[in-house]
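Structure data follow from entry11.csv (CSV, C-alpha atoms):
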chain,number,residue,atom,x,y,z
A,992,MET,CA,0.0,0.0,0.0
A,993,ARG,CA,1.0,3.6,-0.6
A,994,LEU,CA,-0.3,6.6,1.2
A,995,TYR,CA,0.0,10.0,-0.5
A,996,GLN,CA,0.1,12.5,2.4
A,997,ASP,CA,1.6,15.6,4.0
A,998,SER,CA,3.3,15.1,7.3
A,999,ARG,CA,2.0,18.4,8.7
A,1000,ALA,CA,-1.7,18.0,7.8
A,1001,PRO,CA,-4.2,16.5,10.4
A,1002,ASN,CA,-6.0,14.1,8.1
A,1003,PRO,CA,-3.0,12.1,6.9
A,1004,ARG,CA,-1.8,12.1,10.6
A,1005,ARG,CA,-5.0,10.3,11.8
A,1006,VAL,CA,-4.6,7.7,9.1
A,1007,ARG,CA,-0.9,7.2,10.1
A,1008,MET,CA,-1.9,6.9,13.7
A,1009,PHE,CA,-4.6,4.4,12.8
A,1010,LEU,CA,-2.1,2.3,10.8
A,1011,ALA,CA,0.4,2.5,13.7
A,1012,GLU,CA,-2.2,1.3,16.2
A,1013,LYS,CA,-2.9,-1.6,13.8
A,1014,GLY,CA,0.8,-2.4,13.4
A,1015,LEU,CA,0.5,-1.7,9.7
A,1016,LEU,CA,2.4,1.5,9.3
A,1017,ASP,CA,5.5,-0.2,8.0
A,1018,ARG,CA,3.4,-2.0,5.4
A,1019,CYS,CA,2.6,1.3,3.9
A,1020,GLU,CA,4.9,3.5,1.7
A,1021,LEU,CA,4.4,7.2,2.6
A,1022,VAL,CA,4.6,9.5,-0.4
A,1023,ASP,CA,4.9,13.2,0.5
A,1024,VAL,CA,2.6,15.7,-1.2
A,1025,SER,CA,3.7,19.0,0.2
A,1026,ILE,CA,0.8,21.4,0.5
A,1027,ASN,CA,3.2,24.2,1.4
A,1028,ALA,CA,5.0,23.6,-1.9
A,1029,GLY,CA,1.7,23.4,-3.8
A,1030,ALA,CA,2.3,19.7,-4.8
A,1031,HIS,CA,-1.4,19.0,-4.1
A,1032,ARG,CA,-2.3,21.3,-7.0
A,1033,GLU,CA,0.1,19.7,-9.5
A,1034,PRO,CA,-1.5,17.7,-12.4
A,1035,ASP,CA,0.3,14.6,-11.2
A,1036,PHE,CA,-1.5,14.6,-7.9
A,1037,LEU,CA,-4.8,16.0,-9.2
A,1038,GLU,CA,-5.0,12.9,-11.3
A,1039,LYS,CA,-5.0,10.9,-8.0
A,1040,HIS,CA,-7.5,13.3,-6.3
A,1041,PRO,CA,-9.3,15.8,-8.4
A,1042,LEU,CA,-9.9,18.0,-5.4
A,1043,GLY,CA,-6.2,18.0,-4.4
A,1044,LEU,CA,-6.8,16.7,-0.9
A,1045,VAL,CA,-4.6,14.3,1.2
A,1046,PRO,CA,-4.5,11.5,2.1
A,1047,VAL,CA,-5.1,9.1,-0.8
A,1048,LEU,CA,-4.5,5.4,-0.4
A,1049,GLU,CA,-3.2,3.4,-3.4
A,1050,LEU,CA,-3.3,-0.4,-3.4
A,1051,ALA,CA,-0.7,-2.5,-5.2
A,1052,ASP,CA,-3.0,-3.0,-8.1
A,1053,GLY,CA,-3.4,0.7,-8.6
A,1054,ARG,CA,-6.9,1.2,-7.1
A,1055,ARG,CA,-7.2,4.4,-5.1
A,1056,LEU,CA,-9.3,5.5,-2.2
A,1057,ARG,CA,-9.9,9.0,-0.9
A,1058,GLU,CA,-11.1,10.3,2.5
A,1059,SER,CA,-9.4,9.4,5.8
A,1060,VAL,CA,-12.3,7.6,7.4
A,1061,ALA,CA,-13.0,5.5,4.3
A,1062,ILE,CA,-9.3,4.6,4.3
A,1063,CYS,CA,-9.3,3.6,8.0
A,1064,ARG,CA,-12.5,1.5,7.5
A,1065,TYR,CA,-10.9,-0.2,4.5
A,1066,VAL,CA,-7.8,-1.0,6.5
A,1067,GLU,CA,-9.8,-2.3,9.5
A,1068,GLU,CA,-11.9,-4.6,7.3
A,1069,ALA,CA,-9.2,-5.7,4.8
A,1070,PHE,CA,-6.8,-6.6,7.7
A,1071,PRO,CA,-9.1,-8.1,10.3
A,1072,ASP,CA,-6.2,-9.9,12.0
A,1073,HIS,CA,-4.0,-6.9,12.5
A,1074,GLY,CA,-4.2,-5.0,15.8
A,1075,PRO,CA,-7.3,-4.1,17.9
A,1076,PRO,CA,-10.6,-3.1,16.3
A,1077,LEU,CA,-10.7,0.7,16.2
A,1078,LEU,CA,-14.2,0.9,14.7
A,1079,GLY,CA,-15.9,-1.4,17.2
A,1080,THR,CA,-17.3,-5.0,17.0
A,1081,GLU,CA,-21.0,-5.0,17.7
A,1082,PRO,CA,-23.7,-2.6,16.2
A,1083,TRP,CA,-24.3,-0.4,19.2
A,1084,GLN,CA,-20.7,0.1,20.1
A,1085,ARG,CA,-19.8,0.7,16.4
A,1086,ALA,CA,-22.6,3.3,16.2
A,1087,GLN,CA,-21.3,5.0,19.4
A,1088,ILE,CA,-17.8,5.1,17.9
A,1089,GLU,CA,-19.1,6.6,14.7
A,1090,GLN,CA,-21.1,9.2,16.6
A,1091,TRP,CA,-18.0,10.3,18.6
A,1092,ASN,CA,-15.8,10.2,15.6
A,1093,ARG,CA,-18.2,12.5,13.7
A,1094,HIS,CA,-18.5,14.8,16.7
A,1095,ALA,CA,-14.7,15.1,16.7
A,1096,GLU,CA,-14.6,15.8,12.9
A,1097,LEU,CA,-17.6,18.0,12.6
A,1098,GLU,CA,-17.4,19.9,15.8
A,1099,VAL,CA,-13.6,20.3,16.1
A,1100,LEU,CA,-11.6,19.2,13.1
A,1101,VAL,CA,-13.7,21.0,10.4
A,1102,PRO,CA,-14.0,24.2,12.5
A,1103,VAL,CA,-10.3,24.3,13.2
A,1104,ALA,CA,-9.6,23.9,9.5
A,1105,GLN,CA,-12.0,26.7,8.8
A,1106,VAL,CA,-10.3,29.0,11.3
A,1107,PHE,CA,-7.0,28.1,9.7
A,1108,ARG,CA,-8.2,28.7,6.1
A,1109,ASN,CA,-10.1,31.9,6.9
A,1110,SER,CA,-7.6,33.7,9.1
A,1111,HIS,CA,-4.1,32.3,8.9
A,1112,PRO,CA,-1.4,34.1,7.0
A,1113,PHE,CA,-0.4,30.7,5.4
A,1114,TRP,CA,-3.5,31.0,3.1
A,1115,GLU,CA,-3.3,34.8,2.4
A,1116,GLY,CA,-3.1,35.2,-1.3
A,1117,ARG,CA,-3.6,31.5,-1.9
A,1118,ILE,CA,-7.4,31.3,-1.2
A,1119,ARG,CA,-10.2,33.8,-0.6
A,1120,GLN,CA,-10.6,34.2,3.2
A,1121,ALA,CA,-13.5,35.2,5.4
A,1122,PRO,CA,-12.0,36.3,8.7
A,1123,GLU,CA,-15.4,36.9,10.3
A,1124,PHE,CA,-16.3,33.3,9.8
A,1125,ALA,CA,-13.0,32.3,11.5
A,1126,GLU,CA,-14.1,34.3,14.5
A,1127,ILE,CA,-17.5,32.5,14.6
A,1128,MET,CA,-15.8,29.1,14.5
A,1129,ARG,CA,-13.3,30.1,17.2
A,1130,GLU,CA,-16.1,31.0,19.6
A,1131,GLN,CA,-17.9,27.8,18.8
A,1132,LEU,CA,-14.8,25.7,19.3
A,1133,ALA,CA,-14.4,26.9,22.9
A,1134,ALA,CA,-17.9,25.8,23.7
A,1135,ARG,CA,-17.5,22.5,21.9
A,1136,LEU,CA,-14.3,21.6,23.9
A,1137,ALA,CA,-16.1,22.4,27.1
A,1138,TRP,CA,-18.8,20.0,26.1
A,1139,LEU,CA,-16.4,17.3,25.0
A,1140,ASP,CA,-14.6,17.6,28.3
A,1141,ARG,CA,-17.7,17.1,30.4
A,1142,GLU,CA,-18.7,14.1,28.2
A,1143,LEU,CA,-15.3,12.5,29.0
A,1144,ALA,CA,-15.7,12.7,32.8
A,1145,ASP,CA,-17.0,9.2,33.3
A,1146,ARG,CA,-15.0,7.1,30.9
A,1147,ARG,CA,-11.4,6.5,29.7
A,1148,TRP,CA,-11.7,6.9,26.0
A,1149,ARG,CA,-13.9,9.0,23.7
A,1150,ALA,CA,-16.4,6.2,23.0
A,1151,GLY,CA,-16.1,4.0,26.1
A,1152,ASP,CA,-13.5,1.5,27.5
A,1153,ALA,CA,-11.6,0.9,24.3
A,1154,LEU,CA,-9.4,3.2,22.2
A,1155,SER,CA,-11.1,4.0,18.9
A,1156,ILE,CA,-10.8,6.1,15.8
A,1157,ALA,CA,-12.8,8.8,17.6
A,1158,ASP,CA,-9.8,9.3,19.9
A,1159,LEU,CA,-7.3,9.6,17.0
A,1160,THR,CA,-9.5,12.1,15.2
A,1161,LEU,CA,-10.0,14.3,18.2
A,1162,LEU,CA,-6.3,14.2,19.1
A,1163,CYS,CA,-5.3,15.2,15.5
A,1164,ALA,CA,-8.0,18.0,15.5
A,1165,ILE,CA,-6.7,19.4,18.9
A,1166,ASP,CA,-3.1,19.3,17.9
A,1167,PHE,CA,-3.9,20.9,14.5
A,1168,GLY,CA,-5.8,23.5,16.6
A,1169,LYS,CA,-2.6,25.2,17.4
A,1170,VAL,CA,-3.0,27.0,14.0
A,1171,ALA,CA,-6.2,28.4,15.5
A,1172,GLN,CA,-4.8,29.3,18.9
A,1173,LEU,CA,-6.7,26.3,20.3
A,1174,ARG,CA,-5.0,24.8,23.4
A,1175,LEU,CA,-6.1,22.5,26.2
A,1176,GLY,CA,-6.0,24.3,29.5
A,1177,ASP,CA,-7.0,23.8,33.1
A,1178,ASP,CA,-10.6,24.3,32.3
A,1179,THR,CA,-10.7,21.0,30.4
A,1180,PRO,CA,-9.2,18.5,33.0
A,1181,HIS,CA,-10.8,15.4,31.5
A,1182,LEU,CA,-9.5,16.1,28.0
A,1183,GLY,CA,-6.1,16.9,29.6
A,1184,ARG,CA,-6.0,13.4,31.3
A,1185,TRP,CA,-7.2,11.8,28.0
A,1186,TYR,CA,-4.6,13.7,26.0
A,1187,ALA,CA,-1.7,12.7,28.3
A,1188,ALA,CA,-2.7,9.0,27.9
A,1189,LEU,CA,-2.6,9.3,24.1
A,1190,ARG,CA,0.7,11.1,24.1
A,1191,GLU,CA,2.3,8.1,25.7
A,1192,ARG,CA,1.4,5.8,22.9
A,1193,PRO,CA,3.9,5.0,20.1
A,1194,SER,CA,1.2,6.0,17.6
A,1195,TYR,CA,1.4,9.6,18.8
A,1196,ARG,CA,4.6,10.1,16.8
A,1197,ALA,CA,3.5,8.2,13.7
B,406,MET,CA,-37.6,3.1,17.8
B,407,ARG,CA,-38.2,6.8,17.9
B,408,LEU,CA,-36.6,9.4,15.7
B,409,TYR,CA,-36.5,13.0,16.9
B,410,GLN,CA,-36.5,15.1,13.8
B,411,ASP,CA,-37.6,18.1,11.8
B,412,SER,CA,-39.4,17.3,8.5
B,413,ARG,CA,-37.7,20.3,6.7
B,414,ALA,CA,-34.1,19.6,7.7
B,415,PRO,CA,-31.8,17.6,5.4
B,416,ASN,CA,-30.2,15.3,8.0
B,417,PRO,CA,-33.4,13.8,9.3
B,418,ARG,CA,-34.6,13.4,5.7
B,419,ARG,CA,-31.7,11.2,4.8
B,420,VAL,CA,-32.3,9.0,7.8
B,421,ARG,CA,-36.0,8.8,6.8
B,422,MET,CA,-35.1,7.8,3.3
B,423,PHE,CA,-32.6,5.3,4.6
B,424,LEU,CA,-35.3,3.7,6.8
B,425,ALA,CA,-37.8,3.8,3.9
B,426,GLU,CA,-35.4,2.0,1.5
B,427,LYS,CA,-35.0,-0.6,4.3
B,428,GLY,CA,-38.7,-1.0,4.8
B,429,LEU,CA,-38.3,0.1,8.4
B,430,LEU,CA,-39.9,3.6,8.4
B,431,ASP,CA,-43.1,2.4,9.9
B,432,ARG,CA,-41.2,0.7,12.7
B,433,CYS,CA,-40.0,4.2,13.7
B,434,GLU,CA,-42.1,6.8,15.6
B,435,LEU,CA,-41.3,10.3,14.2
B,436,VAL,CA,-41.2,13.0,16.9
B,437,ASP,CA,-41.1,16.5,15.5
B,438,VAL,CA,-38.6,19.0,16.9
B,439,SER,CA,-39.3,22.2,15.1
B,440,ILE,CA,-36.2,24.2,14.4
B,441,ASN,CA,-38.4,27.1,13.2
B,442,ALA,CA,-40.2,27.1,16.5
B,443,GLY,CA,-36.9,26.8,18.5
B,444,ALA,CA,-37.8,23.4,19.9
B,445,HIS,CA,-34.2,22.2,19.4
B,446,ARG,CA,-33.1,24.8,21.9
B,447,GLU,CA,-35.6,23.8,24.6
B,448,PRO,CA,-34.2,22.0,27.8
B,449,ASP,CA,-36.3,19.0,27.0
B,450,PHE,CA,-34.5,18.4,23.7
B,451,LEU,CA,-31.1,19.6,24.8
B,452,GLU,CA,-31.2,16.8,27.4
B,453,LYS,CA,-31.4,14.4,24.4
B,454,HIS,CA,-28.7,16.2,22.3
B,455,PRO,CA,-26.6,18.8,24.1
B,456,LEU,CA,-25.9,20.6,20.8
B,457,GLY,CA,-29.5,20.8,19.8
B,458,LEU,CA,-29.1,18.9,16.5
B,459,VAL,CA,-31.5,16.6,14.8
B,460,PRO,CA,-31.9,13.7,14.2
B,461,VAL,CA,-31.6,11.7,17.4
B,462,LEU,CA,-32.6,8.0,17.5
B,463,GLU,CA,-34.0,6.6,20.7
B,464,LEU,CA,-34.3,2.8,21.3
B,465,ALA,CA,-37.1,1.2,23.2
B,466,ASP,CA,-34.8,0.9,26.2
B,467,GLY,CA,-34.0,4.6,26.2
B,468,ARG,CA,-30.5,4.5,24.7
B,469,ARG,CA,-29.9,7.4,22.3
B,470,LEU,CA,-27.8,7.8,19.3
B,471,ARG,CA,-26.8,11.1,17.5
B,472,GLU,CA,-25.4,11.8,14.0
B,473,SER,CA,-27.2,10.7,10.9
B,474,VAL,CA,-24.6,8.3,9.5
B,475,ALA,CA,-24.1,6.6,12.9
B,476,ILE,CA,-27.9,6.1,13.0
B,477,CYS,CA,-28.0,4.7,9.5
B,478,ARG,CA,-25.1,2.3,10.2
B,479,TYR,CA,-26.7,1.1,13.4
B,480,VAL,CA,-30.0,0.4,11.5
B,481,GLU,CA,-28.1,-1.4,8.7
B,482,GLU,CA,-26.2,-3.6,11.3
B,483,ALA,CA,-29.0,-4.1,13.8
B,484,PHE,CA,-31.5,-5.1,11.1
B,485,PRO,CA,-29.4,-7.1,8.6
B,486,ASP,CA,-32.4,-8.9,7.2
B,487,HIS,CA,-34.3,-5.8,6.3
B,488,GLY,CA,-34.0,-4.4,2.8
B,489,PRO,CA,-30.9,-4.1,0.6
B,490,PRO,CA,-27.5,-3.2,2.1
B,491,LEU,CA,-26.9,0.5,1.7
B,492,LEU,CA,-23.4,0.6,3.2
B,493,GLY,CA,-22.0,-2.2,1.0
B,494,THR,CA,-21.0,-5.8,1.7
B,495,GLU,CA,-17.3,-6.3,1.0
B,496,PRO,CA,-14.4,-4.0,2.2
B,497,TRP,CA,-13.5,-2.3,-1.1
B,498,GLN,CA,-17.1,-1.6,-2.0
B,499,ARG,CA,-17.9,-0.4,1.6
B,500,ALA,CA,-14.9,1.9,1.4
B,501,GLN,CA,-16.0,3.4,-1.9
B,502,ILE,CA,-19.5,4.0,-0.5
B,503,GLU,CA,-18.0,5.7,2.5
B,504,GLN,CA,-15.8,7.8,0.3
B,505,TRP,CA,-18.7,9.0,-1.9
B,506,ASN,CA,-20.9,9.5,1.1
B,507,ARG,CA,-18.3,11.7,2.7
B,508,HIS,CA,-17.8,13.7,-0.6
B,509,ALA,CA,-21.6,14.3,-0.6
B,510,GLU,CA,-21.5,15.5,3.0
B,511,LEU,CA,-18.3,17.5,3.1
B,512,GLU,CA,-18.4,18.9,-0.4
B,513,VAL,CA,-22.1,19.6,-0.8
B,514,LEU,CA,-24.2,19.2,2.4
B,515,VAL,CA,-21.9,21.0,4.8
B,516,PRO,CA,-21.2,23.9,2.3
B,517,VAL,CA,-25.0,24.2,1.5
B,518,ALA,CA,-25.7,24.4,5.3
B,519,GLN,CA,-23.0,27.1,5.6
B,520,VAL,CA,-24.5,29.2,2.8
B,521,PHE,CA,-27.9,28.8,4.6
B,522,ARG,CA,-26.6,29.7,8.0
B,523,ASN,CA,-24.4,32.6,6.9
B,524,SER,CA,-26.6,34.3,4.4
B,525,HIS,CA,-30.3,33.3,4.7
B,526,PRO,CA,-32.8,35.7,6.4
B,527,PHE,CA,-34.1,32.7,8.4
B,528,TRP,CA,-31.0,32.9,10.6
B,529,GLU,CA,-30.8,36.7,10.8
B,530,GLY,CA,-31.0,37.7,14.5
B,531,ARG,CA,-30.8,34.0,15.5
B,532,ILE,CA,-27.1,33.4,14.9
B,533,ARG,CA,-24.0,35.5,14.0
B,534,GLN,CA,-23.6,35.4,10.2
B,535,ALA,CA,-20.6,35.8,7.9
B,536,PRO,CA,-22.0,36.5,4.4
B,537,GLU,CA,-18.6,36.6,2.8
B,538,PHE,CA,-18.1,32.9,3.8
B,539,ALA,CA,-21.4,32.1,2.2
B,540,GLU,CA,-20.1,33.6,-1.0
B,541,ILE,CA,-17.0,31.5,-0.9
B,542,MET,CA,-19.0,28.3,-0.3
B,543,ARG,CA,-21.4,29.2,-3.1
B,544,GLU,CA,-18.5,29.5,-5.6
B,545,GLN,CA,-17.0,26.2,-4.4
B,546,LEU,CA,-20.4,24.4,-4.6
B,547,ALA,CA,-20.7,25.1,-8.3
B,548,ALA,CA,-17.3,23.6,-9.0
B,549,ARG,CA,-18.0,20.6,-6.8
B,550,LEU,CA,-21.3,19.8,-8.6
B,551,ALA,CA,-19.5,20.0,-12.0
B,552,TRP,CA,-17.0,17.4,-10.6
B,553,LEU,CA,-19.6,15.2,-9.1
B,554,ASP,CA,-21.5,15.3,-12.5
B,555,ARG,CA,-18.4,14.2,-14.4
B,556,GLU,CA,-17.8,11.4,-12.0
B,557,LEU,CA,-21.3,10.0,-12.6
B,558,ALA,CA,-20.8,9.7,-16.3
B,559,ASP,CA,-20.0,6.0,-16.4
B,560,ARG,CA,-22.2,4.6,-13.7
B,561,ARG,CA,-25.7,4.4,-12.5
B,562,TRP,CA,-25.4,5.3,-8.8
B,563,ARG,CA,-22.9,7.4,-6.9
B,564,ALA,CA,-20.8,4.5,-5.7
B,565,GLY,CA,-21.4,2.0,-8.5
B,566,ASP,CA,-24.1,-0.4,-9.6
B,567,ALA,CA,-26.1,-0.4,-6.4
B,568,LEU,CA,-28.0,2.4,-4.6
B,569,SER,CA,-26.2,3.4,-1.4
B,570,ILE,CA,-26.3,5.9,1.4
B,571,ALA,CA,-24.1,8.1,-0.7
B,572,ASP,CA,-27.0,8.7,-3.1
B,573,LEU,CA,-29.4,9.5,-0.3
B,574,THR,CA,-27.0,12.0,1.2
B,575,LEU,CA,-26.3,13.8,-2.1
B,576,LEU,CA,-30.0,13.9,-2.9
B,577,CYS,CA,-30.9,15.5,0.4
B,578,ALA,CA,-27.9,18.0,0.1
B,579,ILE,CA,-29.0,19.0,-3.4
B,580,ASP,CA,-32.7,19.5,-2.4
B,581,PHE,CA,-31.7,21.4,0.6
B,582,GLY,CA,-29.5,23.5,-1.7
B,583,LYS,CA,-32.6,25.4,-2.7
B,584,VAL,CA,-32.0,27.6,0.4
B,585,ALA,CA,-28.6,28.4,-1.2
B,586,GLN,CA,-30.0,29.0,-4.8
B,587,LEU,CA,-28.4,25.7,-5.8
B,588,ARG,CA,-30.3,24.0,-8.6
B,589,LEU,CA,-29.4,21.2,-11.1
B,590,GLY,CA,-29.3,22.6,-14.6
B,591,ASP,CA,-28.4,21.5,-18.2
B,592,ASP,CA,-24.7,21.7,-17.3
B,593,THR,CA,-24.9,18.7,-15.1
B,594,PRO,CA,-26.7,16.1,-17.3
B,595,HIS,CA,-25.5,13.0,-15.4
B,596,LEU,CA,-26.7,14.4,-12.1
B,597,GLY,CA,-30.0,15.2,-13.8
B,598,ARG,CA,-30.5,11.6,-14.9
B,599,TRP,CA,-29.5,10.3,-11.5
B,600,TYR,CA,-31.8,12.7,-9.7
B,601,ALA,CA,-34.7,11.7,-11.9
B,602,ALA,CA,-34.2,8.1,-11.1
B,603,LEU,CA,-34.2,8.8,-7.3
B,604,ARG,CA,-37.3,11.0,-7.6
B,605,GLU,CA,-39.2,7.9,-8.8
B,606,ARG,CA,-38.5,5.9,-5.7
B,607,PRO,CA,-41.1,5.8,-2.9
B,608,SER,CA,-38.3,6.8,-0.4
B,609,TYR,CA,-38.1,10.2,-2.1
B,610,ARG,CA,-41.3,11.3,-0.2
B,611,ALA,CA,-40.3,9.7,3.1
With the file now loaded, output its structure as structure tokens.
Amino acid sequence: MRLYQDSRAPNPRRVRMFLAEKGLLDRCELVDVSINAGAHREPDFLEKHPLGLVPVLELADGRRLRESVAICRYVEEAFPDHGPPLLGTEPWQRAQIEQWNRHAELEVLVPVAQVFRNSHPFWEGRIRQAPEFAEIMREQLAARLAWLDRELADRRWRAGDALSIADLTLLCAIDFGKVAQLRLGDDTPHLGRWYAALRERPSYRA
Amino acid sequence: MRLYQDSRAPNPRRVRMFLAEKGLLDRCELVDVSINAGAHREPDFLEKHPLGLVPVLELADGRRLRESVAICRYVEEAFPDHGPPLLGTEPWQRAQIEQWNRHAELEVLVPVAQVFRNSHPFWEGRIRQAPEFAEIMREQLAARLAWLDRELADRRWRAGDALSIADLTLLCAIDFGKVAQLRLGDDTPHLGRWYAALRERPSYRA
């Protein structure tokens, strides 16, 4: 397998962490597509993903798959004997994991990306920006983190007793949040404890 | 089962269509939560979903599940003998369906919702709006629809030969797009043919 990716972007990172937790990272060739250098906009990569987004998974036979969660699900189902299940095993648990993964994506990762795109100097002159929308998302993010903190008070991981994709997504979203001045502080103690536990895992550096 | 929902909102609609395609809609009690009347912000509903979003699925034993795709996946896995699989059956096909469902969500449904929230009179005075961001999303939507049209040239449904959740999500996103002046025209013939086929299905009116 080959993963087209950018080491600094949050979506490739959550796929690398997923592969690392599965013990499959060394089965995957990482091919850098530097967003900073504009490689995601080159014809060569646009042929792999017409929207110029990373990551893209490429199988040995040339088939390609876009979208981080689709890639993770494919890896989980195509390699059932590798590593722990990160998408759950029975219907209710699987639904809970999907729910929390979507909350991490839609309530944290997407808003962080919008703050980044709409207010960060990195994108000035590259895309049209709407700084006012960045402000709206920044306000919303603070409220969402407070909620996610409360919801973590009575359990170890995001979706229950077992580590899941929902933890990896939220971790990558929070770390990427530095571009949006988002940082965990004393007001989110449960997220702080959860983050410290994830930071100890080898997958953190994947 | 009970589904807390708003008949006019796109996310409840895709769950109703999913249930209808499965032949399970009449097994589900629909409970209206009117966004227009502000019912999603009442303490009674916030206890069911702290973010005030619809839909929420409630099981007979009181367990609750948020997020449309999590609800659909739970229904598919908890009722495997009801209706055709809408999330696929083998890993590669399932990954393709998830990829196209996410494209429909992230490239059409979410941007349409952002145009609606940031520029529509319905939200004036209810939330802080960023009209400039609505404009950015409107431009992007036109480009995305052109791409989705080309990608539909050589197959019947969004993710291949079989109807899937990806079709339902895109249909609901496009219909909801009316609030963003998004309409299918002569420049997207493949989407037009695909839309006409979906409109003939009983689930269209679910």
Point to revise | Interface residues on chain A facing chain B, 9 Å, only C-alpha atoms, written as number ranges by chain | key: A: 1041-1042, 1056-1069, 1081-1083, 1085-1091, 1093-1094, 1109, 1119-1124, 1127, 1135, 1138
Expected file: the selected residues, C-alpha atoms, as a compact mmCIF listing (two decimals), in the coordinates of the input:
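Just written: part_24.txt:
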# COMPACT_ATOMS: atom_id res chain seq x y z
CA PRO A 1041 -9.30 15.80 -8.40
CA LEU A 1042 -9.90 18.00 -5.40
CA LEU A 1056 -9.30 5.50 -2.20
CA ARG A 1057 -9.90 9.00 -0.90
CA GLU A 1058 -11.10 10.30 2.50
CA SER A 1059 -9.40 9.40 5.80
CA VAL A 1060 -12.30 7.60 7.40
CA ALA A 1061 -13.00 5.50 4.30
CA ILE A 1062 -9.30 4.60 4.30
CA CYS A 1063 -9.30 3.60 8.00
CA ARG A 1064 -12.50 1.50 7.50
CA TYR A 1065 -10.90 -0.20 4.50
CA VAL A 1066 -7.80 -1.00 6.50
CA GLU A 1067 -9.80 -2.30 9.50
CA GLU A 1068 -11.90 -4.60 7.30
CA ALA A 1069 -9.20 -5.70 4.80
CA GLU A 1081 -21.00 -5.00 17.70
CA PRO A 1082 -23.70 -2.60 16.20
CA TRP A 1083 -24.30 -0.40 19.20
CA ARG A 1085 -19.80 0.70 16.40
CA ALA A 1086 -22.60 3.30 16.20
CA GLN A 1087 -21.30 5.00 19.40
CA ILE A 1088 -17.80 5.10 17.90
CA GLU A 1089 -19.10 6.60 14.70
CA GLN A 1090 -21.10 9.20 16.60
CA TRP A 1091 -18.00 10.30 18.60
CA ARG A 1093 -18.20 12.50 13.70
CA HIS A 1094 -18.50 14.80 16.70
CA ASN A 1109 -10.10 31.90 6.90
CA ARG A 1119 -10.20 33.80 -0.60
CA GLN A 1120 -10.60 34.20 3.20
CA ALA A 1121 -13.50 35.20 5.40
CA PRO A 1122 -12.00 36.30 8.70
CA GLU A 1123 -15.40 36.90 10.30
CA PHE A 1124 -16.30 33.30 9.80
CA ILE A 1127 -17.50 32.50 14.60
CA ARG A 1135 -17.50 22.50 21.90
CA TRP A 1138 -18.80 20.00 26.10
Point to revise | Phe1113 of chain A surroundings by all atoms listed in the file, 12 Å radius, close-in-sequence under 2 positions cut, as a list of chain:residue names | key: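 That gives A:Ile1026, A:Asn1027, A:Ala1028, A:Gly1029, A:Val1106, A:Phe1107, A:Arg1108, A:Asn1109, A:Ser1110, A:His1111, A:Glu1115, A:Gly1116, A:Arg1117, A:Ile1118, A:Arg1119, A:Gln1120, A:Val1170, A:Ala1171.
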Review point. Of the candidates A:Asp997, A:Glu1038, A:Asp1072, A:Glu1012, which one gets nearest to Ser1155 of chain A if we count all atoms listed in the file?
Key: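 Between A:Asp997, A:Glu1038, A:Asp1072, A:Glu1012, the residue approaching Ser1155 of chain A most closely is A:Glu1012.
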**Study point:** For Leu464 of chain B, the nearest of the candidates B:Arg413, B:Arg446, B:Arg606, B:Arg407, counting all atoms listed in the file
**Key:**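 Nearest candidate to Leu464 of chain B out of B:Arg413, B:Arg446, B:Arg606, B:Arg407: B:Arg407.
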Exercise for review: Write out as JSON, numbers by chain each polymer residue whose atoms come within 8 Å of Leu1159 of chain A, counting all atoms listed in the file; drop sequence neighbours fewer than 3 positions from it.
Suggested key: {"A": [1005, 1008, 1009, 1155, 1156, 1162, 1163]}
Check your understanding: So what do you get for atom CA of Pro1193 of chain A versus atom CA of Leu1015 of chain A, distance-wise?
Key ->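 Answer for the atom CA of Pro1193 of chain A to atom CA of Leu1015 of chain A separation: 12.8 Å.
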Practice item. Please measure the separation of atom CA of Gly582 of chain B and atom CA of Phe450 of chain B, giving the value in Å to one decimal. Key: 26.4 Å
Check your understanding: Given the choices B:Arg563, B:Arg598, B:Lys453, B:Arg432, which gets closest to Ala465 of chain B if the distance is worked out from only C-alpha atoms?
Key ->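 Of the candidates, the smallest distance to Ala465 of chain B is held by B:Arg432.
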**Study point:** Option closest in space to Met406 of chain B, from B:Ala518, B:Ala551, B:Val420, B:Leu430 [counting only C-alpha atoms]
**Key:**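 Answer, going by the shortest atom-to-atom distance: B:Leu430.
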Exercise for review: Give the answer as one residue: which of A:Val1024, A:Ala1133, A:Val1047, A:Leu1077 has the shortest atom-to-atom distance to Ile1165 of chain A, using all atoms listed in the file?
Suggested key: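 Looking only at the distances to Ile1165 of chain A, the closest residue turns out to be A:Ala1133.
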Review point. Pick from B:Ala444, B:Ala558, B:Ala509, B:Leu568: nearest to Tyr409 of chain B, with only C-alpha atoms counted?
Key: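 Closest to Tyr409 of chain B of all the choices is B:Ala444.
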Practice item. Record the distance separating atom CA of Val513 of chain B and atom CA of Arg1004 of chain A, expressed in Å with one decimal. Key: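 Result for atom CA of Val513 of chain B versus atom CA of Arg1004 of chain A: 24.5 Å, one decimal.
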